[in-house]
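Peer 1: Following this line is final.csv, made up of CSV, C-alpha atoms:
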chain,number,residue,atom,x,y,z
A,1,MET,CA,-42.9,-35.0,-56.5
A,2,LYS,CA,-42.5,-36.0,-60.1
A,3,PRO,CA,-45.3,-38.0,-61.7
A,4,VAL,CA,-45.2,-41.6,-62.8
A,5,LEU,CA,-45.1,-42.2,-66.5
A,6,LEU,CA,-47.4,-44.9,-67.6
A,7,LEU,CA,-46.4,-46.3,-71.0
A,8,ASP,CA,-49.7,-47.0,-72.7
A,9,CYS,CA,-50.0,-50.2,-74.8
A,10,GLN,CA,-53.3,-49.1,-76.4
A,11,THR,CA,-54.8,-52.5,-76.2
A,12,SER,CA,-58.1,-52.1,-74.4
A,13,ALA,CA,-61.2,-50.0,-74.8
A,14,VAL,CA,-61.3,-49.1,-71.1
A,15,ALA,CA,-58.1,-48.3,-69.3
A,16,PRO,CA,-57.8,-49.1,-65.6
A,17,TYR,CA,-55.8,-45.9,-65.1
A,18,ASP,CA,-59.0,-44.0,-66.0
A,19,HIS,CA,-60.0,-44.8,-62.4
A,20,LEU,CA,-59.7,-41.7,-60.3
A,21,ALA,CA,-57.8,-43.4,-57.5
A,22,VAL,CA,-54.8,-44.0,-59.7
A,23,ALA,CA,-55.2,-41.2,-62.2
A,24,GLU,CA,-53.6,-38.5,-60.1
A,25,GLY,CA,-49.9,-38.0,-60.4
A,26,VAL,CA,-49.8,-40.3,-63.4
A,27,GLU,CA,-49.1,-39.3,-67.0
A,28,VAL,CA,-50.2,-41.7,-69.7
A,29,VAL,CA,-48.1,-41.6,-72.9
A,30,ASP,CA,-48.1,-44.0,-75.9
A,31,VAL,CA,-45.2,-46.4,-75.4
A,32,TYR,CA,-43.9,-45.8,-78.9
A,33,GLU,CA,-43.2,-42.2,-78.0
A,34,LEU,CA,-40.6,-43.3,-75.4
A,35,PRO,CA,-37.5,-42.3,-77.5
A,36,SER,CA,-38.7,-38.7,-77.8
A,37,LEU,CA,-39.6,-38.2,-74.1
A,38,ASP,CA,-37.7,-36.3,-71.5
A,39,LEU,CA,-37.7,-39.0,-68.8
A,40,ASP,CA,-36.0,-36.6,-66.3
A,41,ARG,CA,-39.6,-35.3,-65.6
A,42,TYR,CA,-40.7,-38.6,-64.1
A,43,SER,CA,-40.0,-40.4,-60.8
A,44,ALA,CA,-41.0,-43.7,-62.2
A,45,VAL,CA,-41.9,-45.5,-65.5
A,46,MET,CA,-44.7,-48.1,-65.3
A,47,VAL,CA,-44.8,-50.8,-67.9
A,48,THR,CA,-47.7,-53.3,-68.2
A,49,GLY,CA,-48.1,-56.8,-69.7
A,50,MET,CA,-49.2,-56.1,-73.3
A,51,VAL,CA,-46.2,-53.9,-74.0
A,52,ASP,CA,-44.1,-54.5,-77.1
A,53,GLN,CA,-41.0,-56.0,-75.6
A,54,GLU,CA,-39.1,-56.2,-78.9
A,55,PHE,CA,-39.4,-52.4,-78.9
A,56,LEU,CA,-38.4,-52.0,-75.2
A,57,TRP,CA,-35.4,-54.2,-75.8
A,58,ARG,CA,-34.2,-51.7,-78.5
A,59,GLN,CA,-34.9,-48.9,-76.0
A,60,ARG,CA,-33.0,-50.6,-73.1
A,61,ASP,CA,-30.3,-48.0,-73.1
A,62,VAL,CA,-32.9,-45.2,-72.4
A,63,LEU,CA,-34.2,-47.3,-69.5
A,64,GLU,CA,-30.8,-48.0,-68.1
A,65,VAL,CA,-30.0,-44.2,-68.1
A,66,PHE,CA,-33.2,-43.6,-66.2
A,67,LEU,CA,-32.3,-46.2,-63.6
A,68,ALA,CA,-28.8,-44.7,-63.4
A,69,ARG,CA,-30.5,-41.5,-62.2
A,70,ARG,CA,-32.0,-43.5,-59.3
A,71,ARG,CA,-35.4,-43.6,-60.7
A,72,VAL,CA,-37.9,-46.5,-60.6
A,73,ILE,CA,-39.2,-48.9,-63.2
A,74,ILE,CA,-42.4,-50.9,-62.4
A,75,PHE,CA,-43.1,-53.9,-64.6
A,76,CYS,CA,-46.3,-55.9,-64.3
A,77,GLY,CA,-46.2,-58.7,-66.9
A,78,GLN,CA,-44.2,-61.6,-68.3
A,79,LEU,CA,-40.6,-60.7,-69.2
A,80,LEU,CA,-39.8,-62.0,-72.7
A,81,ARG,CA,-36.7,-59.9,-73.6
A,82,SER,CA,-33.9,-58.7,-71.3
A,83,TRP,CA,-34.7,-55.0,-71.2
A,84,LEU,CA,-35.2,-54.9,-67.4
A,85,PRO,CA,-31.9,-55.1,-65.5
A,86,GLY,CA,-31.6,-57.9,-63.0
A,87,CYS,CA,-34.9,-59.5,-63.9
A,88,GLY,CA,-34.9,-63.2,-65.1
A,89,MET,CA,-37.2,-64.3,-67.9
A,90,PHE,CA,-40.8,-65.2,-66.9
A,91,VAL,CA,-41.3,-68.7,-65.6
A,92,PRO,CA,-44.9,-70.0,-65.6
A,93,VAL,CA,-46.0,-72.0,-62.6
A,94,ARG,CA,-47.6,-75.4,-63.1
A,95,ILE,CA,-51.1,-75.0,-61.7
A,96,ALA,CA,-52.7,-78.2,-60.5
A,97,SER,CA,-55.6,-76.7,-58.6
A,98,MET,CA,-57.0,-73.3,-57.8
A,99,ARG,CA,-55.2,-73.5,-54.4
A,100,ASP,CA,-51.9,-73.1,-56.3
A,101,TYR,CA,-52.9,-69.5,-57.1
A,102,ALA,CA,-53.0,-68.5,-53.4
A,103,VAL,CA,-51.0,-65.3,-52.7
A,104,ARG,CA,-48.7,-65.0,-49.7
A,105,LEU,CA,-47.4,-61.6,-48.6
A,106,ALA,CA,-43.8,-61.9,-47.5
A,107,GLU,CA,-43.7,-58.2,-46.4
A,108,PRO,CA,-47.2,-57.4,-45.4
A,109,HIS,CA,-46.2,-54.0,-43.8
A,110,HIS,CA,-44.3,-52.8,-46.9
A,111,PRO,CA,-45.9,-49.5,-48.0
A,112,VAL,CA,-47.1,-51.1,-51.3
A,113,PHE,CA,-49.0,-53.9,-49.5
A,114,ALA,CA,-49.9,-52.3,-46.1
A,115,GLY,CA,-53.5,-53.0,-45.2
A,116,VAL,CA,-54.0,-55.3,-48.2
A,117,GLU,CA,-55.3,-58.8,-47.3
A,118,ALA,CA,-53.5,-61.6,-49.2
A,119,ASN,CA,-56.9,-63.3,-49.7
A,120,ASP,CA,-58.2,-60.3,-51.5
A,121,LEU,CA,-55.3,-60.6,-54.0
A,122,THR,CA,-55.9,-64.3,-54.4
A,123,PHE,CA,-59.6,-63.9,-55.2
A,124,ARG,CA,-61.6,-61.4,-57.1
A,125,ARG,CA,-65.3,-62.2,-56.4
A,126,GLY,CA,-64.3,-65.9,-55.9
A,127,VAL,CA,-62.1,-66.3,-58.9
A,128,ALA,CA,-58.4,-67.0,-58.4
A,129,GLY,CA,-55.5,-66.4,-60.8
A,130,PHE,CA,-55.7,-62.7,-61.6
A,131,PHE,CA,-52.7,-61.8,-59.4
A,132,ALA,CA,-50.0,-64.1,-60.9
A,133,ARG,CA,-49.5,-67.4,-62.8
A,134,GLY,CA,-45.7,-67.4,-62.6
A,135,TYR,CA,-42.6,-65.5,-61.5
A,136,HIS,CA,-39.4,-63.8,-62.5
A,137,PRO,CA,-36.2,-65.2,-60.9
A,138,PRO,CA,-35.0,-62.2,-58.8
A,139,PRO,CA,-31.4,-61.3,-58.2
A,140,PRO,CA,-30.0,-62.6,-54.9
A,141,SER,CA,-30.4,-59.4,-52.9
A,142,ALA,CA,-33.9,-58.6,-54.1
A,143,GLU,CA,-36.6,-57.8,-51.5
A,144,VAL,CA,-39.4,-60.3,-52.1
A,145,LEU,CA,-42.8,-58.8,-51.3
A,146,ALA,CA,-45.2,-61.5,-52.4
A,147,THR,CA,-45.1,-65.1,-53.5
A,148,LEU,CA,-47.5,-67.8,-54.6
A,149,VAL,CA,-48.3,-70.5,-52.0
A,150,GLY,CA,-45.5,-72.6,-53.5
A,151,GLY,CA,-43.0,-69.9,-52.6
A,152,GLN,CA,-42.4,-68.6,-56.2
A,153,PRO,CA,-41.4,-64.9,-55.9
A,154,THR,CA,-44.2,-63.1,-57.9
A,155,THR,CA,-43.4,-59.6,-56.7
A,156,TRP,CA,-40.1,-58.1,-55.7
A,157,ILE,CA,-37.9,-55.0,-55.5
A,158,ASP,CA,-34.3,-54.8,-56.7
A,159,ARG,CA,-32.1,-51.9,-55.6
A,160,ALA,CA,-28.8,-53.6,-56.1
A,161,THR,CA,-28.4,-54.2,-59.8
A,162,THR,CA,-28.6,-50.6,-60.8
A,163,PRO,CA,-28.5,-47.2,-58.9
A,164,GLY,CA,-32.3,-47.1,-59.4
A,165,THR,CA,-35.1,-49.4,-58.3
A,166,VAL,CA,-36.8,-52.1,-60.2
A,167,PHE,CA,-40.3,-53.3,-59.0
A,168,ALA,CA,-41.1,-56.5,-60.9
A,169,HIS,CA,-44.5,-58.2,-60.7
A,170,ALA,CA,-45.0,-61.4,-62.7
A,171,GLY,CA,-48.7,-61.0,-63.4
A,172,GLY,CA,-51.6,-58.6,-64.1
A,173,ASP,CA,-51.5,-54.8,-63.9
A,174,LEU,CA,-51.6,-54.0,-60.2
A,175,LEU,CA,-53.5,-50.7,-60.9
A,176,PHE,CA,-56.3,-52.9,-62.1
A,177,TYR,CA,-57.2,-53.6,-58.5
A,178,ALA,CA,-58.2,-50.0,-58.0
A,179,ASN,CA,-61.7,-51.2,-59.0
A,180,ALA,CA,-61.8,-54.0,-56.4
A,181,ASP,CA,-64.5,-53.9,-53.7
A,182,SER,CA,-62.0,-55.2,-51.1
A,183,SER,CA,-58.8,-54.2,-49.4
A,184,ALA,CA,-57.0,-54.9,-52.7
A,185,ALA,CA,-58.2,-51.5,-53.9
A,186,ARG,CA,-55.5,-49.9,-51.8
A,187,LEU,CA,-52.8,-51.6,-53.8
A,188,GLY,CA,-52.8,-49.4,-56.9
A,189,PRO,CA,-52.7,-46.0,-55.1
A,190,GLN,CA,-50.1,-47.3,-52.6
A,191,LEU,CA,-47.9,-48.6,-55.4
A,192,LEU,CA,-47.9,-45.2,-57.2
A,193,ASP,CA,-47.3,-43.3,-53.9
A,194,TRP,CA,-44.3,-45.6,-53.1
A,195,ALA,CA,-42.9,-45.2,-56.7
A,196,ARG,CA,-43.1,-41.4,-56.6
A,197,LEU,CA,-41.3,-41.3,-53.2
A,198,GLU,CA,-38.8,-43.9,-54.2
A,199,GLY,CA,-38.0,-42.1,-57.5
A,200,SER,CA,-37.6,-38.8,-55.7
A,201,ARG,CA,-34.8,-39.9,-53.4
B,202,MET,CA,-59.1,-78.2,-99.5
B,203,SER,CA,-55.4,-77.4,-99.5
B,204,THR,CA,-53.9,-75.8,-96.5
B,205,ARG,CA,-54.1,-72.0,-96.5
B,206,ARG,CA,-50.8,-70.0,-96.1
B,207,LEU,CA,-51.5,-68.0,-93.0
B,208,ALA,CA,-49.6,-65.1,-91.5
B,209,ALA,CA,-50.2,-63.8,-88.0
B,210,VAL,CA,-49.6,-60.3,-86.7
B,211,TYR,CA,-47.2,-60.2,-83.7
B,212,GLY,CA,-47.5,-57.3,-81.4
B,213,GLY,CA,-44.2,-57.9,-79.5
B,214,SER,CA,-46.0,-58.7,-76.2
B,215,ALA,CA,-45.3,-61.8,-74.1
B,216,PRO,CA,-48.8,-63.2,-74.5
B,217,HIS,CA,-48.7,-62.8,-78.3
B,218,HIS,CA,-45.3,-64.4,-78.4
B,219,ARG,CA,-46.4,-67.4,-76.4
B,220,ALA,CA,-49.6,-67.9,-78.5
B,221,LEU,CA,-47.9,-67.6,-81.9
B,222,ASN,CA,-44.9,-69.7,-81.0
B,223,GLU,CA,-46.7,-72.5,-79.3
B,224,PRO,CA,-45.8,-75.4,-81.6
B,225,LYS,CA,-49.4,-76.7,-82.0
B,226,TYR,CA,-50.4,-73.3,-83.4
B,227,ALA,CA,-47.1,-72.3,-85.1
B,228,ARG,CA,-47.3,-75.3,-87.3
B,229,TRP,CA,-50.3,-73.7,-89.1
B,230,LEU,CA,-48.6,-70.3,-89.4
B,231,ALA,CA,-46.4,-69.6,-92.4
B,232,ALA,CA,-45.1,-66.3,-90.9
B,233,SER,CA,-45.4,-63.8,-88.0
B,234,VAL,CA,-45.4,-60.2,-89.1
B,235,TYR,CA,-44.2,-57.7,-86.4
B,236,LEU,CA,-46.9,-55.1,-86.0
B,237,PRO,CA,-44.7,-52.0,-86.4
B,238,GLU,CA,-43.5,-53.4,-89.7
B,239,LEU,CA,-47.0,-54.4,-90.9
B,240,PRO,CA,-47.7,-51.1,-92.8
B,241,ASP,CA,-44.8,-51.9,-95.1
B,242,ALA,CA,-45.2,-55.7,-95.2
B,243,ASP,CA,-45.8,-57.6,-98.4
B,244,LEU,CA,-48.8,-59.8,-97.6
B,245,SER,CA,-49.4,-60.9,-101.2
B,246,ARG,CA,-48.2,-64.5,-100.7
B,247,TYR,CA,-50.6,-65.3,-97.9
B,248,ASP,CA,-54.1,-66.7,-98.2
B,249,GLY,CA,-55.0,-65.2,-94.8
B,250,VAL,CA,-53.8,-62.9,-92.1
B,251,ILE,CA,-54.7,-63.4,-88.5
B,252,VAL,CA,-55.0,-60.3,-86.4
B,253,PRO,CA,-54.8,-61.3,-82.7
B,254,ASP,CA,-56.7,-59.6,-79.9
B,255,ARG,CA,-55.1,-56.7,-78.0
B,256,LEU,CA,-52.7,-55.2,-80.4
B,257,HIS,CA,-51.7,-51.6,-80.1
B,258,ALA,CA,-54.6,-49.6,-81.6
B,259,GLY,CA,-52.5,-46.8,-83.2
B,260,ARG,CA,-50.0,-49.2,-84.8
B,261,LEU,CA,-52.8,-51.5,-86.0
B,262,ASP,CA,-54.7,-48.6,-87.4
B,263,ALA,CA,-51.6,-47.5,-89.4
B,264,ALA,CA,-51.7,-51.0,-91.0
B,265,ARG,CA,-55.3,-50.9,-92.0
B,266,PRO,CA,-54.6,-50.3,-95.7
B,267,ARG,CA,-52.6,-53.6,-95.8
B,268,LEU,CA,-55.5,-55.5,-94.4
B,269,LEU,CA,-57.9,-53.8,-96.9
B,270,ASP,CA,-55.5,-54.9,-99.6
B,271,VAL,CA,-55.8,-58.5,-98.4
B,272,LEU,CA,-59.6,-58.4,-98.5
B,273,ASP,CA,-59.7,-56.6,-101.8
B,274,ARG,CA,-57.7,-59.3,-103.6
B,275,GLY,CA,-60.2,-61.9,-102.3
B,276,ALA,CA,-58.1,-63.3,-99.4
B,277,MET,CA,-59.0,-63.7,-95.7
B,278,VAL,CA,-58.5,-61.5,-92.7
B,279,VAL,CA,-59.3,-63.0,-89.2
B,280,LEU,CA,-59.9,-60.3,-86.6
B,281,PHE,CA,-60.0,-61.2,-82.9
B,282,GLY,CA,-61.2,-58.9,-80.3
B,283,GLU,CA,-60.8,-56.2,-81.2
B,284,GLN,CA,-61.4,-53.9,-78.3
B,285,SER,CA,-58.4,-51.7,-79.1
B,286,VAL,CA,-59.1,-50.4,-82.6
B,287,CYS,CA,-62.9,-50.9,-82.4
B,288,GLY,CA,-62.9,-49.3,-78.9
B,289,ARG,CA,-61.6,-46.1,-80.6
B,290,GLN,CA,-63.5,-46.5,-83.9
B,291,PRO,CA,-66.5,-48.7,-83.3
B,292,GLN,CA,-67.9,-48.5,-86.8
B,293,GLY,CA,-66.2,-49.2,-90.1
B,294,TRP,CA,-62.6,-49.8,-89.1
B,295,LEU,CA,-62.8,-52.6,-91.7
B,296,PRO,CA,-65.7,-52.9,-94.0
B,297,GLY,CA,-68.9,-54.0,-92.2
B,298,LEU,CA,-67.5,-53.7,-88.7
B,299,ASP,CA,-69.9,-52.3,-86.1
B,300,TRP,CA,-68.7,-52.9,-82.6
B,301,GLN,CA,-70.4,-52.2,-79.3
B,302,TYR,CA,-68.7,-52.2,-75.9
B,303,ARG,CA,-70.2,-54.5,-73.2
B,304,PRO,CA,-69.0,-54.6,-69.6
B,305,THR,CA,-67.3,-57.9,-69.0
B,306,ASN,CA,-68.9,-60.5,-66.8
B,307,TYR,CA,-66.0,-62.7,-65.7
B,308,TRP,CA,-68.1,-64.3,-63.1
B,309,TRP,CA,-71.3,-65.5,-64.9
B,310,TRP,CA,-70.3,-69.2,-64.3
B,311,LEU,CA,-70.4,-68.6,-60.5
B,312,GLU,CA,-73.9,-67.1,-60.4
B,313,PRO,CA,-76.7,-69.6,-59.9
B,314,GLY,CA,-79.1,-69.8,-62.8
B,315,THR,CA,-76.9,-67.7,-65.1
B,316,THR,CA,-75.7,-68.9,-68.5
B,317,SER,CA,-72.9,-67.5,-70.7
B,318,GLY,CA,-75.6,-66.0,-72.8
B,319,LEU,CA,-74.1,-67.4,-76.0
B,320,ARG,CA,-76.0,-69.2,-78.8
B,321,ALA,CA,-74.8,-71.3,-81.8
B,322,HIS,CA,-76.3,-70.7,-85.2
B,323,ASN,CA,-76.0,-72.3,-88.6
B,324,PRO,CA,-75.5,-75.9,-87.4
B,325,ASP,CA,-74.4,-77.2,-90.8
B,326,HIS,CA,-71.5,-74.8,-91.1
B,327,ASP,CA,-68.1,-76.5,-91.3
B,328,LEU,CA,-66.9,-74.7,-88.2
B,329,TRP,CA,-69.2,-76.9,-86.1
B,330,ARG,CA,-67.4,-80.0,-87.3
B,331,HIS,CA,-64.3,-78.7,-85.5
B,332,LEU,CA,-65.6,-76.7,-82.6
B,333,THR,CA,-68.3,-76.7,-80.0
B,334,LEU,CA,-70.1,-73.7,-78.5
B,335,GLU,CA,-68.5,-74.6,-75.2
B,336,ASP,CA,-65.0,-74.3,-76.7
B,337,ALA,CA,-65.8,-70.6,-77.5
B,338,THR,CA,-67.3,-69.8,-74.2
B,339,TRP,CA,-65.4,-67.7,-71.6
B,340,HIS,CA,-66.3,-64.0,-71.8
B,341,TYR,CA,-66.4,-61.1,-74.2
B,342,HIS,CA,-65.6,-57.4,-74.0
B,343,GLY,CA,-68.0,-56.3,-76.7
B,344,VAL,CA,-70.2,-57.6,-79.5
B,345,PHE,CA,-70.6,-56.9,-83.2
B,346,ARG,CA,-73.6,-56.1,-85.3
B,347,ALA,CA,-73.0,-58.3,-88.3
B,348,PRO,CA,-73.8,-56.9,-91.7
B,349,GLU,CA,-76.7,-58.3,-93.6
B,350,GLY,CA,-75.7,-61.4,-95.5
B,351,ALA,CA,-72.9,-62.4,-93.2
B,352,ASP,CA,-72.9,-65.8,-91.5
B,353,VAL,CA,-73.4,-65.4,-87.8
B,354,LEU,CA,-72.2,-68.5,-86.1
B,355,ILE,CA,-72.2,-67.4,-82.4
B,356,SER,CA,-74.3,-64.6,-80.9
B,357,THR,CA,-75.4,-63.4,-77.6
B,358,ASP,CA,-79.0,-64.0,-76.4
B,359,ASP,CA,-79.8,-60.4,-77.4
B,360,GLY,CA,-78.5,-60.8,-80.9
B,361,GLY,CA,-75.0,-59.4,-80.7
B,362,ALA,CA,-72.6,-61.3,-83.0
B,363,ILE,CA,-69.6,-63.0,-81.2
B,364,LEU,CA,-68.3,-64.9,-84.2
B,365,TYR,CA,-69.3,-64.2,-87.9
B,366,ILE,CA,-68.0,-64.6,-91.4
B,367,ASP,CA,-68.5,-61.7,-93.8
B,368,ARG,CA,-68.1,-62.6,-97.5
B,369,VAL,CA,-70.4,-59.8,-98.7
B,370,SER,CA,-68.8,-56.5,-97.6
B,371,THR,CA,-65.5,-57.1,-99.6
B,372,PRO,CA,-64.3,-59.4,-102.3
B,373,GLY,CA,-62.5,-61.3,-99.5
B,374,THR,CA,-63.5,-63.2,-96.4
B,375,LEU,CA,-63.5,-61.3,-93.1
B,376,VAL,CA,-63.8,-63.6,-90.0
B,377,VAL,CA,-64.6,-61.6,-86.9
B,378,ALA,CA,-64.6,-63.0,-83.4
B,379,ALA,CA,-65.3,-60.8,-80.4
B,380,LEU,CA,-63.1,-63.1,-78.4
B,381,ASP,CA,-59.7,-62.7,-76.9
B,382,PRO,CA,-58.1,-66.2,-76.9
B,383,MET,CA,-54.5,-65.1,-77.8
B,384,TYR,CA,-54.2,-62.8,-74.8
B,385,HIS,CA,-55.6,-65.4,-72.4
B,386,PHE,CA,-53.7,-68.4,-73.7
B,387,GLY,CA,-50.6,-66.3,-73.8
B,388,SER,CA,-51.1,-65.2,-70.2
B,389,TYR,CA,-51.6,-68.7,-68.9
B,390,PHE,CA,-55.2,-67.9,-68.0
B,391,MET,CA,-58.5,-69.4,-68.8
B,392,PRO,CA,-58.2,-73.0,-70.1
B,393,ALA,CA,-61.2,-72.6,-72.5
B,394,THR,CA,-59.1,-70.3,-74.7
B,395,GLU,CA,-56.7,-73.2,-75.3
B,396,ARG,CA,-59.5,-75.6,-76.2
B,397,PHE,CA,-60.7,-72.9,-78.6
B,398,LEU,CA,-57.4,-72.3,-80.3
B,399,ASP,CA,-56.6,-76.0,-80.5
B,400,LYS,CA,-59.6,-76.3,-82.8
B,401,PHE,CA,-60.0,-72.9,-84.4
B,402,VAL,CA,-56.5,-72.5,-85.7
B,403,PRO,CA,-56.5,-75.8,-87.7
B,404,TRP,CA,-59.9,-74.9,-89.0
B,405,LEU,CA,-58.6,-71.5,-90.2
B,406,ALA,CA,-55.9,-73.3,-92.1
B,407,GLN,CA,-57.9,-76.2,-93.5
B,408,GLY,CA,-61.6,-75.7,-92.9
B,409,SER,CA,-64.3,-74.5,-95.2
B,410,MET,CA,-65.7,-71.0,-94.6
B,411,THR,CA,-69.2,-72.1,-95.6
How does this structure look as structure tokens?
Peer 2:
Amino acid sequence: MKPVLLLDCQTSAVAPYDHLAVAEGVEVVDVYELPSLDLDRYSAVMVTGMVDQEFLWRQRDVLEVFLARRRVIIFCGQLLRSWLPGCGMFVPVRIASMRDYAVRLAEPHHPVFAGVEANDLTFRRGVAGFFARGYHPPPPSAEVLATLVGGQPTTWIDRATTPGTVFAHAGGDLLFYANADSSAARLGPQLLDWARLEGSR
Amino acid sequence: MSTRRLAAVYGGSAPHHRALNEPKYARWLAASVYLPELPDADLSRYDGVIVPDRLHAGRLDAARPRLLDVLDRGAMVVLFGEQSVCGRQPQGWLPGLDWQYRPTNYWWWLEPGTTSGLRAHNPDHDLWRHLTLEDATWHYHGVFRAPEGADVLISTDDGGAILYIDRVSTPGTLVVAALDPMYHFGSYFMPATERFLDKFVPWLAQGSMT
């Protein structure tokens, strides 16, 4: 299967995708090289939260062509510009207490979340809030995988807006969980496995 | 003291966009300069340039000569973080910078008997009329070894500088903070970072550096 292209934002000293569990089958390339890449080599493109969205907005035609070839775009972050087809702009959730950060799995048997306990996504060593602090309004036919306790759709899949698949997560980089000492560690590898399969249809 | 004309570097990310466009901070900023355009930007009309945490290391490195220009003409550069460029070039990315990676303890406040490990110094400094140590306390991803003659205002227990002002290494003023408030405020995460920016940004615009 074709690898996943991870667009590197070059914003941290230690990259989560250095972790062995998520390094295999992933190619990491500087985001600003996107215009010169042959995207046909990849099953999926993964974009994380510190990405330059002014730049991606200017590159939206490249991404639309990629989706027209039935490939996958994974976005973990807060959408600021409309470069991701079907995805509404990020809406922060008003957090009154730590309980508002609780994660609910709408599709616990989906291959991305199978075997992952919602509680392990809500808390990392007792601290809540890493998973998501808001949501992106999904298109009507989207498959919602996870929500906050208030029902806000934090994580969903859209196969209707384009011939390809958009996986939108309104929060932190899901590969980051590869370092977790809980069932949440399954999430990163499972997301990448799903994306490679989905983008090889 | 008249208000400084401050520009801030904008990396194009959602967290940067929120932090720089929040009205209570934007009112102190004369301009945002988009990072990919920074290498060719004319910064001569600004008294200071704020470099937020978590900017793209390669693009920021390409703009290094512009920041050196600012310091060389006696103006101010405020560097947050900066684990991206300093992670790749720990020493000397700007004059006097000497960075050391530290694994992040996000959880110190949950562990009995553990403190943040931060200490305030130089109690008469103007910064402390605006800010408390608690306002600057969440976590850090690294520390700096401040050059001799710099004013260290916050350090770790073991002497790593978290916030210092260097007026000796260049003709200008280099304010260095091993803190990442722009990212966390912009990500709707960690309320302490908002308390910090509420006080630190007005101080950058109007406060005394001594």
Peer 1: Which residues of chain B are close to chain A, meaning at most 6 Å apart when you count all atoms listed in the file, and how do they look as a count of residues only?
Peer 2: 10
Peer 1: With a distance cut-off of 6 Å and all atoms listed in the file, select the neighbouring residues of range 388-395 of chain B, excluding the residue or stretch itself and same-chain residues fewer than 6 positions from it, and output the selection as a PyMOL selection string.
Peer 2: chain B and resi 216+336+382
Peer 1: Would you output that residue set with C-alpha atoms, as a PDB file, in the coordinates of the input?
Peer 2:
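Resulting contents of result.pdb:
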ATOM      1  CA  PRO B 216     -48.800 -63.200 -74.500  1.00  0.00           C
ATOM      2  CA  ASP B 336     -65.000 -74.300 -76.700  1.00  0.00           C
ATOM      3  CA  PRO B 382     -58.100 -66.200 -76.900  1.00  0.00           C
TER       4      PRO B 382
END
Peer 1: Can you tell me how far CA of Ser182 in chain A sits from CA of Trp156 in chain A, in Å to one decimal?
Peer 2: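 Taking CA of Ser182 in chain A and CA of Trp156 in chain A, their separation equals 22.6 Å.
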Peer 1: In the coordinates of the file, take the point (-47.1, -67.4, -93.0) and a cut-off of 12 Å; then, counting only C-alpha atoms, name each qualifying protein, DNA or RNA residue as a tab-separated table (two decimals) with C-alpha atoms, keeping the file's coordinate frame.
Peer 2:
chain	number	residue	atom	x	y	z
B	204	THR	CA	-53.90	-75.80	-96.50
B	205	ARG	CA	-54.10	-72.00	-96.50
B	206	ARG	CA	-50.80	-70.00	-96.10
B	207	LEU	CA	-51.50	-68.00	-93.00
B	208	ALA	CA	-49.60	-65.10	-91.50
B	209	ALA	CA	-50.20	-63.80	-88.00
B	210	VAL	CA	-49.60	-60.30	-86.70
B	211	TYR	CA	-47.20	-60.20	-83.70
B	221	LEU	CA	-47.90	-67.60	-81.90
B	226	TYR	CA	-50.40	-73.30	-83.40
B	227	ALA	CA	-47.10	-72.30	-85.10
B	228	ARG	CA	-47.30	-75.30	-87.30
B	229	TRP	CA	-50.30	-73.70	-89.10
B	230	LEU	CA	-48.60	-70.30	-89.40
B	231	ALA	CA	-46.40	-69.60	-92.40
B	232	ALA	CA	-45.10	-66.30	-90.90
B	233	SER	CA	-45.40	-63.80	-88.00
B	234	VAL	CA	-45.40	-60.20	-89.10
B	243	ASP	CA	-45.80	-57.60	-98.40
B	244	LEU	CA	-48.80	-59.80	-97.60
B	245	SER	CA	-49.40	-60.90	-101.20
B	246	ARG	CA	-48.20	-64.50	-100.70
B	247	TYR	CA	-50.60	-65.30	-97.90
B	248	ASP	CA	-54.10	-66.70	-98.20
B	249	GLY	CA	-55.00	-65.20	-94.80
B	250	VAL	CA	-53.80	-62.90	-92.10
B	251	ILE	CA	-54.70	-63.40	-88.50
B	406	ALA	CA	-55.90	-73.30	-92.10
Peer 1: Near Lys225 in chain B, counting all atoms listed in the file, which residues have an atom at most 10 Å away, once you skip same-chain residues fewer than 6 positions from it, shown as a list of chain:residue names?
Peer 2: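 The residues satisfying every condition are B:Leu398, B:Asp399, B:Val402, B:Pro403.
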Peer 1: Which residues come within 12 Å of Gly297 in chain B, counting only C-alpha atoms, excluding same-chain residues fewer than 6 positions away, as a PDB file with C-alpha atoms, keeping the file's coordinate frame?
Peer 2:
ATOM      1  CA  LEU B 269     -57.900 -53.800 -96.900  1.00  0.00           C
ATOM      2  CA  CYS B 287     -62.900 -50.900 -82.400  1.00  0.00           C
ATOM      3  CA  PRO B 291     -66.500 -48.700 -83.300  1.00  0.00           C
ATOM      4  CA  PHE B 345     -70.600 -56.900 -83.200  1.00  0.00           C
ATOM      5  CA  ARG B 346     -73.600 -56.100 -85.300  1.00  0.00           C
ATOM      6  CA  ALA B 347     -73.000 -58.300 -88.300  1.00  0.00           C
ATOM      7  CA  PRO B 348     -73.800 -56.900 -91.700  1.00  0.00           C
ATOM      8  CA  GLU B 349     -76.700 -58.300 -93.600  1.00  0.00           C
ATOM      9  CA  GLY B 350     -75.700 -61.400 -95.500  1.00  0.00           C
ATOM     10  CA  ALA B 351     -72.900 -62.400 -93.200  1.00  0.00           C
ATOM     11  CA  TYR B 365     -69.300 -64.200 -87.900  1.00  0.00           C
ATOM     12  CA  ILE B 366     -68.000 -64.600 -91.400  1.00  0.00           C
ATOM     13  CA  ASP B 367     -68.500 -61.700 -93.800  1.00  0.00           C
ATOM     14  CA  ARG B 368     -68.100 -62.600 -97.500  1.00  0.00           C
ATOM     15  CA  VAL B 369     -70.400 -59.800 -98.700  1.00  0.00           C
ATOM     16  CA  SER B 370     -68.800 -56.500 -97.600  1.00  0.00           C
ATOM     17  CA  THR B 371     -65.500 -57.100 -99.600  1.00  0.00           C
ATOM     18  CA  THR B 374     -63.500 -63.200 -96.400  1.00  0.00           C
ATOM     19  CA  LEU B 375     -63.500 -61.300 -93.100  1.00  0.00           C
ATOM     20  CA  VAL B 376     -63.800 -63.600 -90.000  1.00  0.00           C
ATOM     21  CA  VAL B 377     -64.600 -61.600 -86.900  1.00  0.00           C
TER      22      VAL B 377
END
